[in-house]
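What's in protein_38.cif: mmCIF, C-alpha atoms
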data_run
#
loop_
_atom_site.label_atom_id
_atom_site.label_comp_id
_atom_site.auth_asym_id
_atom_site.auth_seq_id
_atom_site.Cartn_x
_atom_site.Cartn_y
_atom_site.Cartn_z
CA MET A 1 14.34 -12.16 -38.73
CA LEU A 2 15.90 -9.37 -36.64
CA ARG A 3 12.52 -8.51 -35.14
CA THR A 4 11.89 -12.20 -34.38
CA TRP A 5 15.27 -12.47 -32.66
CA ARG A 6 14.56 -9.35 -30.60
CA ASP A 7 11.21 -10.75 -29.53
CA LEU A 8 12.82 -14.07 -28.62
CA ARG A 9 15.57 -12.33 -26.66
CA MET A 10 12.97 -10.29 -24.78
CA ILE A 11 11.04 -13.44 -23.90
CA ILE A 12 14.24 -15.18 -22.72
CA GLU A 13 15.20 -12.18 -20.58
CA MET A 14 11.73 -12.10 -19.02
CA LEU A 15 11.91 -15.83 -18.27
CA ILE A 16 15.36 -15.46 -16.71
CA LYS A 17 14.12 -12.62 -14.50
CA LYS A 18 11.05 -14.62 -13.50
CA ILE A 19 13.10 -17.73 -12.65
CA SER A 20 15.68 -15.64 -10.81
CA ARG A 21 12.98 -13.94 -8.75
CA LYS A 22 11.34 -17.29 -7.95
CA ILE A 23 14.67 -18.72 -6.77
CA ASP A 24 15.26 -15.59 -4.71
CA GLU A 25 11.80 -15.83 -3.09
CA THR A 26 12.28 -19.53 -2.36
CA TRP A 27 15.68 -18.91 -0.77
CA LEU A 28 14.24 -16.06 1.30
CA GLY A 29 11.47 -18.37 2.54
CA VAL A 30 13.97 -21.06 3.51
CA HIS A 31 16.21 -18.51 5.21
CA LYS A 32 13.24 -17.16 7.21
CA ARG A 33 12.19 -20.63 8.33
CA ILE A 34 15.73 -21.33 9.54
CA TRP A 35 15.77 -17.96 11.30
CA GLY A 36 12.43 -18.79 12.94
CA LEU A 37 13.84 -22.04 14.34
CA MET A 38 16.73 -20.18 15.93
CA ASN A 39 14.79 -17.17 17.26
CA ASP A 40 11.52 -16.71 19.08
CA TYR A 41 10.04 -13.32 20.00
CA SER A 42 6.55 -14.65 20.77
CA PRO A 43 4.31 -13.37 22.24
CA ASN A 44 5.92 -9.94 21.85
CA ALA A 45 5.84 -9.39 18.08
CA LEU A 46 4.95 -5.87 16.99
CA PRO A 47 2.10 -5.73 14.43
CA VAL A 48 2.63 -3.35 11.51
CA TYR A 49 -0.11 -2.42 9.04
CA VAL A 50 0.57 -1.13 5.53
CA VAL A 51 -2.46 0.93 4.50
CA GLY A 52 -3.56 3.57 1.99
CA ALA A 53 -5.25 3.63 -1.42
CA GLN A 54 -4.94 0.66 -3.75
CA ARG A 55 -2.43 0.89 -6.64
CA SER A 56 -0.11 3.10 -4.59
CA GLY A 57 2.96 0.87 -4.65
CA THR A 58 2.09 -1.08 -1.51
CA ASN A 59 2.94 -4.45 -3.08
CA MET A 60 6.50 -3.36 -3.73
CA PHE A 61 6.77 -1.68 -0.33
CA GLY A 62 5.41 -4.76 1.43
CA GLU A 63 8.08 -6.85 -0.27
CA CYS A 64 10.73 -4.37 0.92
CA LEU A 65 9.65 -5.03 4.50
CA ASN A 66 9.39 -8.76 3.84
CA ARG A 67 13.10 -8.82 2.93
CA SER A 68 13.95 -8.33 6.58
CA LEU A 69 14.44 -11.58 8.49
CA ASP A 70 12.80 -9.88 11.46
CA VAL A 71 9.49 -9.69 9.56
CA GLU A 72 6.67 -12.17 9.06
CA TYR A 73 4.57 -10.84 6.18
CA TYR A 74 0.90 -11.35 5.35
CA PRO A 75 -0.06 -9.68 2.05
CA GLU A 76 -3.75 -9.17 1.35
CA LYS A 77 -3.81 -12.26 -0.88
CA SER A 78 -2.85 -14.46 2.10
CA PRO A 79 -5.80 -16.75 2.97
CA ILE A 80 -4.40 -17.15 6.47
CA ALA A 81 -4.92 -13.54 7.49
CA PHE A 82 -7.39 -12.25 4.87
CA ASP A 83 -10.82 -13.10 3.49
CA ASN A 84 -11.63 -11.37 0.20
CA PHE A 85 -8.78 -8.92 0.95
CA HIS A 86 -10.27 -7.94 4.33
CA LEU A 87 -8.55 -8.80 7.60
CA ARG A 88 -10.08 -11.90 9.19
CA ASP A 89 -11.74 -11.70 12.58
CA ASP A 90 -9.91 -9.96 15.39
CA GLY A 91 -9.30 -13.12 17.41
CA LEU A 92 -7.48 -14.84 14.56
CA ILE A 93 -5.32 -11.79 13.82
CA GLN A 94 -4.46 -11.48 17.51
CA GLU A 95 -3.39 -15.13 17.56
CA LEU A 96 -1.20 -14.66 14.47
CA ILE A 97 0.52 -11.78 16.24
CA ARG A 98 0.94 -13.63 19.55
CA SER A 99 2.27 -16.81 17.95
CA SER A 100 4.74 -15.20 15.56
CA ARG A 101 8.39 -15.96 16.31
CA HIS A 102 9.46 -12.81 14.45
CA ARG A 103 9.92 -9.33 15.88
CA TYR A 104 7.41 -7.81 13.45
CA VAL A 105 4.22 -9.12 11.86
CA VAL A 106 3.33 -7.05 8.80
CA PHE A 107 -0.19 -7.04 7.33
CA LYS A 108 -1.39 -5.17 4.21
CA PRO A 109 -5.11 -4.49 4.85
CA LEU A 110 -5.81 -1.82 2.22
CA LYS A 111 -9.56 -2.44 2.30
CA ASP A 112 -9.46 -1.79 6.05
CA SER A 113 -7.67 1.57 5.76
CA HIS A 114 -10.77 3.32 7.11
CA ARG A 115 -10.36 1.62 10.52
CA VAL A 116 -6.69 2.07 11.34
CA ASP A 117 -7.52 3.12 14.90
CA ASP A 118 -9.36 -0.19 15.47
CA ILE A 119 -6.68 -2.46 14.03
CA LEU A 120 -3.92 -0.68 15.96
CA ARG A 121 -5.74 -1.76 19.12
CA LEU A 122 -5.83 -5.47 18.19
CA ALA A 123 -2.69 -6.37 20.09
CA GLY A 124 -2.75 -3.39 22.42
CA HIS A 125 0.03 -1.79 20.38
CA GLY A 126 1.22 -1.54 16.78
CA ARG A 127 2.40 0.74 14.01
CA ALA A 128 0.80 1.82 10.74
CA LEU A 129 2.51 2.85 7.51
CA TRP A 130 0.25 4.89 5.22
CA MET A 131 1.54 4.85 1.65
CA TYR A 132 0.53 7.39 -0.98
CA ARG A 133 1.40 8.03 -4.60
CA ARG A 134 0.78 10.67 -7.30
CA TYR A 135 -2.93 10.47 -8.13
CA GLN A 136 -2.15 10.58 -11.85
CA ASP A 137 -0.16 7.35 -11.78
CA ARG A 138 -2.57 5.74 -9.35
CA ALA A 139 -5.51 6.58 -11.64
CA ASN A 140 -3.67 5.22 -14.67
CA SER A 141 -2.87 1.97 -12.85
CA ALA A 142 -6.39 1.61 -11.42
CA VAL A 143 -8.13 2.12 -14.77
CA HIS A 144 -5.72 -0.27 -16.47
CA ARG A 145 -6.38 -2.92 -13.82
CA PHE A 146 -10.03 -2.36 -12.86
CA GLY A 147 -11.52 -0.38 -15.72
CA ALA A 148 -14.39 1.94 -14.70
CA HIS A 149 -15.00 0.30 -11.30
CA ASN A 150 -14.27 3.45 -9.28
CA LEU A 151 -16.71 5.35 -11.51
CA GLU A 152 -19.40 2.74 -10.88
CA VAL A 153 -18.90 2.88 -7.10
CA LEU A 154 -19.14 6.67 -7.01
CA ARG A 155 -22.23 6.60 -9.22
CA ASP A 156 -23.85 4.13 -6.83
CA ILE A 157 -23.21 6.48 -3.91
CA THR A 158 -25.04 9.32 -5.64
CA GLN A 159 -27.99 7.00 -6.29
CA GLY A 160 -28.07 5.63 -2.74
CA ARG A 161 -27.08 2.09 -3.75
CA ASN A 162 -24.56 -0.28 -2.12
CA LEU A 163 -23.74 2.13 0.69
CA ASP A 164 -22.41 -0.71 2.85
CA VAL A 165 -19.42 -1.49 0.62
CA TRP A 166 -15.90 -0.93 1.93
CA GLN A 167 -15.31 1.99 -0.44
CA VAL A 168 -17.90 4.06 1.47
CA GLN A 169 -16.72 3.20 4.98
CA GLY A 170 -15.00 6.01 6.85
CA LEU A 171 -16.37 8.78 4.63
CA VAL A 172 -17.84 11.73 6.53
CA SER A 173 -20.84 13.83 5.53
CA GLU A 174 -18.72 16.39 3.67
CA ASP A 175 -17.13 13.59 1.62
CA LEU A 176 -20.53 12.20 0.63
CA GLU A 177 -21.74 15.70 -0.22
CA LEU A 178 -18.67 16.20 -2.41
CA VAL A 179 -19.26 12.90 -4.23
CA ARG A 180 -22.89 13.79 -4.93
CA GLY A 181 -21.85 17.10 -6.49
CA PHE A 182 -20.39 15.53 -9.66
CA ASP A 183 -22.05 14.40 -12.88
CA TYR A 184 -21.11 10.76 -13.43
CA THR A 185 -22.83 10.45 -16.78
CA SER A 186 -20.00 12.41 -18.41
CA MET A 187 -17.13 11.71 -16.00
CA LYS A 188 -14.15 9.78 -17.39
CA PRO A 189 -12.85 6.68 -15.56
CA GLU A 190 -9.52 8.47 -14.91
CA ALA A 191 -11.35 11.33 -13.18
CA ALA A 192 -13.32 8.88 -11.01
CA ALA A 193 -10.15 6.98 -10.10
CA SER A 194 -8.52 10.29 -9.12
CA LEU A 195 -11.51 11.32 -7.00
CA PHE A 196 -11.44 7.91 -5.34
CA TRP A 197 -7.73 8.44 -4.61
CA TYR A 198 -8.63 11.72 -2.94
CA LEU A 199 -11.37 10.13 -0.80
CA ARG A 200 -9.23 7.19 0.33
CA ASN A 201 -6.34 9.44 1.30
CA LYS A 202 -8.68 11.85 3.08
CA LEU A 203 -9.35 8.94 5.45
CA PHE A 204 -5.88 9.61 6.83
CA PHE A 205 -7.13 12.95 8.14
CA ASN A 206 -10.69 11.82 8.90
CA GLN A 207 -9.17 9.41 11.43
CA GLY A 208 -6.74 11.95 12.87
CA LEU A 209 -3.75 9.84 11.86
CA ASP A 210 -1.72 12.95 11.14
CA ARG A 211 -1.63 13.55 14.91
CA ARG A 212 -0.57 10.04 15.90
CA ALA A 213 3.02 9.09 16.70
CA ASP A 214 2.35 5.42 15.83
CA VAL A 215 1.47 6.23 12.21
CA PHE A 216 4.05 7.11 9.54
CA LEU A 217 3.74 8.21 5.91
CA VAL A 218 5.61 6.69 2.96
CA CYS A 219 5.65 8.41 -0.43
CA TYR A 220 5.98 6.09 -3.45
CA GLU A 221 7.85 8.68 -5.51
CA GLU A 222 10.38 9.21 -2.73
CA LEU A 223 10.74 5.47 -2.16
CA VAL A 224 11.68 4.69 -5.75
CA SER A 225 13.86 7.80 -6.14
CA ASN A 226 15.71 7.52 -2.81
CA PRO A 227 15.13 3.94 -1.65
CA GLU A 228 17.85 3.69 0.97
CA SER A 229 17.04 7.00 2.60
CA VAL A 230 13.30 6.23 2.76
CA MET A 231 13.72 2.68 4.04
CA ARG A 232 16.18 3.83 6.68
CA GLY A 233 13.54 6.30 7.83
CA VAL A 234 10.92 3.54 7.95
CA CYS A 235 13.31 1.38 9.94
CA ARG A 236 13.91 4.19 12.43
CA PHE A 237 10.15 4.53 12.85
CA LEU A 238 9.76 0.78 13.43
CA GLU A 239 12.95 0.66 15.53
CA CYS A 240 14.42 -2.14 13.43
CA ASP A 241 17.70 -2.63 11.59
CA PHE A 242 17.97 -1.53 7.97
CA GLN A 243 19.08 -4.35 5.69
CA PRO A 244 20.35 -3.68 2.12
CA ALA A 245 18.20 -6.56 0.83
CA MET A 246 15.14 -4.42 1.57
CA ILE A 247 15.76 -2.19 -1.44
CA ARG A 248 17.14 -4.76 -3.86
CA HIS A 249 13.97 -5.08 -5.97
CA ILE A 250 12.75 -1.48 -6.00
CA PHE A 251 12.02 -0.19 -9.51
CA SER A 252 10.81 3.15 -10.86
CA THR A 253 9.52 2.26 -14.33
CA SER A 254 5.98 3.49 -13.55
CA LEU A 255 7.07 6.83 -12.13
CA GLY A 256 5.39 9.86 -13.69
CA ARG A 257 3.98 8.01 -16.69
CA TYR A 258 0.53 9.60 -16.65
CA GLN A 259 -0.71 13.17 -16.94
CA ALA A 260 -4.15 14.19 -15.66
CA THR A 261 -5.66 14.90 -19.08
CA ASN A 262 -9.16 13.50 -18.36
CA VAL A 263 -9.54 14.63 -14.77
CA GLY A 264 -10.88 18.18 -14.83
CA SER A 265 -9.82 21.23 -12.85
CA VAL A 266 -11.96 20.63 -9.74
CA ILE A 267 -10.79 17.08 -9.09
CA ARG A 268 -7.23 18.01 -10.09
CA GLY A 269 -7.27 20.81 -7.52
CA LEU A 270 -8.57 18.48 -4.79
CA CYS A 271 -5.92 15.87 -5.54
CA ASP A 272 -3.03 18.33 -5.86
CA GLY A 273 -4.02 19.82 -2.52
CA MET A 274 -4.26 16.41 -0.86
CA TYR A 275 -0.85 15.33 -2.18
CA GLN A 276 0.71 18.52 -0.82
CA LYS A 277 -1.05 18.05 2.53
CA LEU A 278 0.14 14.46 2.86
CA SER A 279 3.67 15.45 1.90
CA ALA A 280 3.71 18.25 4.50
CA VAL A 281 2.65 15.82 7.25
CA ARG A 282 5.23 13.29 6.04
CA ALA A 283 7.99 15.89 6.18
CA ASP A 284 6.95 16.86 9.70
CA LYS A 285 6.93 13.24 10.88
CA GLU A 286 10.35 12.67 9.31
CA ARG A 287 11.75 15.72 11.13
CA HIS A 288 10.56 14.31 14.44
CA LEU A 289 12.37 11.03 13.68
CA ALA A 290 15.69 12.68 12.88
#

What do you get writing this file as structure tokens?
Amino acid sequence: MLRTWRDLRMIIEMLIKKISRKIDETWLGVHKRIWGLMNDYSPNALPVYVVGAQRSGTNMFGECLNRSLDVEYYPEKSPIAFDNFHLRDDGLIQELIRSSRHRYVVFKPLKDSHRVDDILRLAGHGRALWMYRRYQDRANSAVHRFGAHNLEVLRDITQGRNLDVWQVQGLVSEDLELVRGFDYTSMKPEAAASLFWYLRNKLFFNQGLDRRADVFLVCYEELVSNPESVMRGVCRFLECDFQPAMIRHIFSTSLGRYQATNVGSVIRGLCDGMYQKLSAVRADKERHLA
């Protein structure tokens, strides 16, 4: 009976949280519509693009930005701005930016992370926020959500199949050579998900984004450990006001839950090096903001 009561209490608590969140989202939507009737920044909205590897905490981060009344937010599931999680044609995106009454229009085009330079040109100006996360936790999340999909994609590359898919775009010859150097018949899904993390984050450097003042880095681990400090830094980069509501729903329950037991020393070394490299660039960009 005690176990049944605990289960029931857990279900009730989950329902209360779900209902509370739904009420909160509805109220936020109403508040934003009212704000939009009283303010109009069109056609001068600044487009902001949240990019990086999937399963890196971008959903939570996008919602942090969405909590600002200055922001109009288009997540990748929005049929208005996205088709199969890709940004729709340039003309439509440009019109969404021009017609927005908000100061910022935030998009989350993760599948388009290989063409940040192109999308920053859509409105003639813009900002990009590249989010990254420990590869171990990203791999754990990706395998849990998508199974061995990353492994299948990498195997296809070595066999010369499906080379037009988004996962291959932006890779340079040394990346493709690296991919072809592994044996995918014995590779574990976690190792493939980690290698994919490395390749997607290498796009940051392939595109020279580390040298651009209109691109900023956000670390998931730092965001959930020091939410106010990180979001204040993001707000300084975007030149917007920090609002406490931005960090109200940040949680850290998935932080450091996975160890790289099935990854192997070569891929582990690549990923550790990439994480350190991203963190060094982030620290440098933060110093320039201070």

(request) Give the answer as one residue: which of A:Arg67, A:Arg133, A:Arg121, A:Arg6 has the shortest atom-to-atom distance to A:Met231, using all atoms listed in the file? (result)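 With all atoms listed in the file as the atom set, the closest residue is A:Arg67.
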
(request) Determine the residue set returned by the PyMOL selection byres ((chain A and resi 145-156) around 9) for the present structure, and present it as a PyMOL selection string. (result) chain A and resi 140-144+157-163+165+167-168+179-180+183-185+187-196

Keeping only C-alpha atoms, write the selected residues to a file as a JSON list (two decimals), keeping the file's coordinate frame.
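Result saved to again-v4.json:
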[["chain", "number", "residue", "atom", "x", "y", "z"],
["A", 140, "ASN", "CA", -3.67, 5.22, -14.67],
["A", 141, "SER", "CA", -2.87, 1.97, -12.85],
["A", 142, "ALA", "CA", -6.39, 1.61, -11.42],
["A", 143, "VAL", "CA", -8.13, 2.12, -14.77],
["A", 144, "HIS", "CA", -5.72, -0.27, -16.47],
["A", 157, "ILE", "CA", -23.21, 6.48, -3.91],
["A", 158, "THR", "CA", -25.04, 9.32, -5.64],
["A", 159, "GLN", "CA", -27.99, 7.00, -6.29],
["A", 160, "GLY", "CA", -28.07, 5.63, -2.74],
["A", 161, "ARG", "CA", -27.08, 2.09, -3.75],
["A", 162, "ASN", "CA", -24.56, -0.28, -2.12],
["A", 163, "LEU", "CA", -23.74, 2.13, 0.69],
["A", 165, "VAL", "CA", -19.42, -1.49, 0.62],
["A", 167, "GLN", "CA", -15.31, 1.99, -0.44],
["A", 168, "VAL", "CA", -17.90, 4.06, 1.47],
["A", 179, "VAL", "CA", -19.26, 12.90, -4.23],
["A", 180, "ARG", "CA", -22.89, 13.79, -4.93],
["A", 183, "ASP", "CA", -22.05, 14.40, -12.88],
["A", 184, "TYR", "CA", -21.11, 10.76, -13.43],
["A", 185, "THR", "CA", -22.83, 10.45, -16.78],
["A", 187, "MET", "CA", -17.13, 11.71, -16.00],
["A", 188, "LYS", "CA", -14.15, 9.78, -17.39],
["A", 189, "PRO", "CA", -12.85, 6.68, -15.56],
["A", 190, "GLU", "CA", -9.52, 8.47, -14.91],
["A", 191, "ALA", "CA", -11.35, 11.33, -13.18],
["A", 192, "ALA", "CA", -13.32, 8.88, -11.01],
["A", 193, "ALA", "CA", -10.15, 6.98, -10.10],
["A", 194, "SER", "CA", -8.52, 10.29, -9.12],
["A", 195, "LEU", "CA", -11.51, 11.32, -7.00],
["A", 196, "PHE", "CA", -11.44, 7.91, -5.34]]

(request) Work out how far apart atom CA of A:Leu171 and atom CA of A:Asp137 are and give it in Å to one decimal. (result)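 A separation of 23.1 Å between them.
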
(message) Ranking A:Gly91, A:Ser186, A:Gln54, A:Tyr132 by minimum distance to A:Asp112 and counting all atoms listed in the file, which one comes first?
(response) A:Gln54

(message) Once the PyMOL selection byres ((chain A and resi 273-278) around 10) is applied to the coordinates I shared, what remains selected? I want it as a list in words.
(response)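 The output of the PyMOL selection byres ((chain A and resi 273-278) around 10) on this file is Trp130, Met131, Tyr132, Arg133, Arg134, Tyr135, Trp197, Tyr198, Leu199, Asn201, Lys202, Phe204, Phe205, Asp210, Leu217, Val218, Cys219, Ile267, Arg268, Gly269, Leu270, Cys271, Asp272, Ser279, Ala280, Val281, Arg282, Ala283 and Asp284 of chain A.
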
(message) Using all atoms listed in the file for the distances, tell me which of A:His249, A:Arg236, A:Leu65, A:Asn206 is nearest to A:Ser173.
(response)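 Of A:His249, A:Arg236, A:Leu65, A:Asn206, the one nearest A:Ser173 is A:Asn206, counting all atoms listed in the file.
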
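Atom CA of A:Asn39 lies 7.4 Å from atom CA of A:His102.
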
(message) Applying 12 Å and only C-alpha atoms, which residues near A:Ile93 remain after dropping the ones on its own chain fewer than 4 positions away? List them as a PyMOL selection string.
(response) chain A and resi 47-49+74+79-83+86-89+97-100+105-107+109+119-123
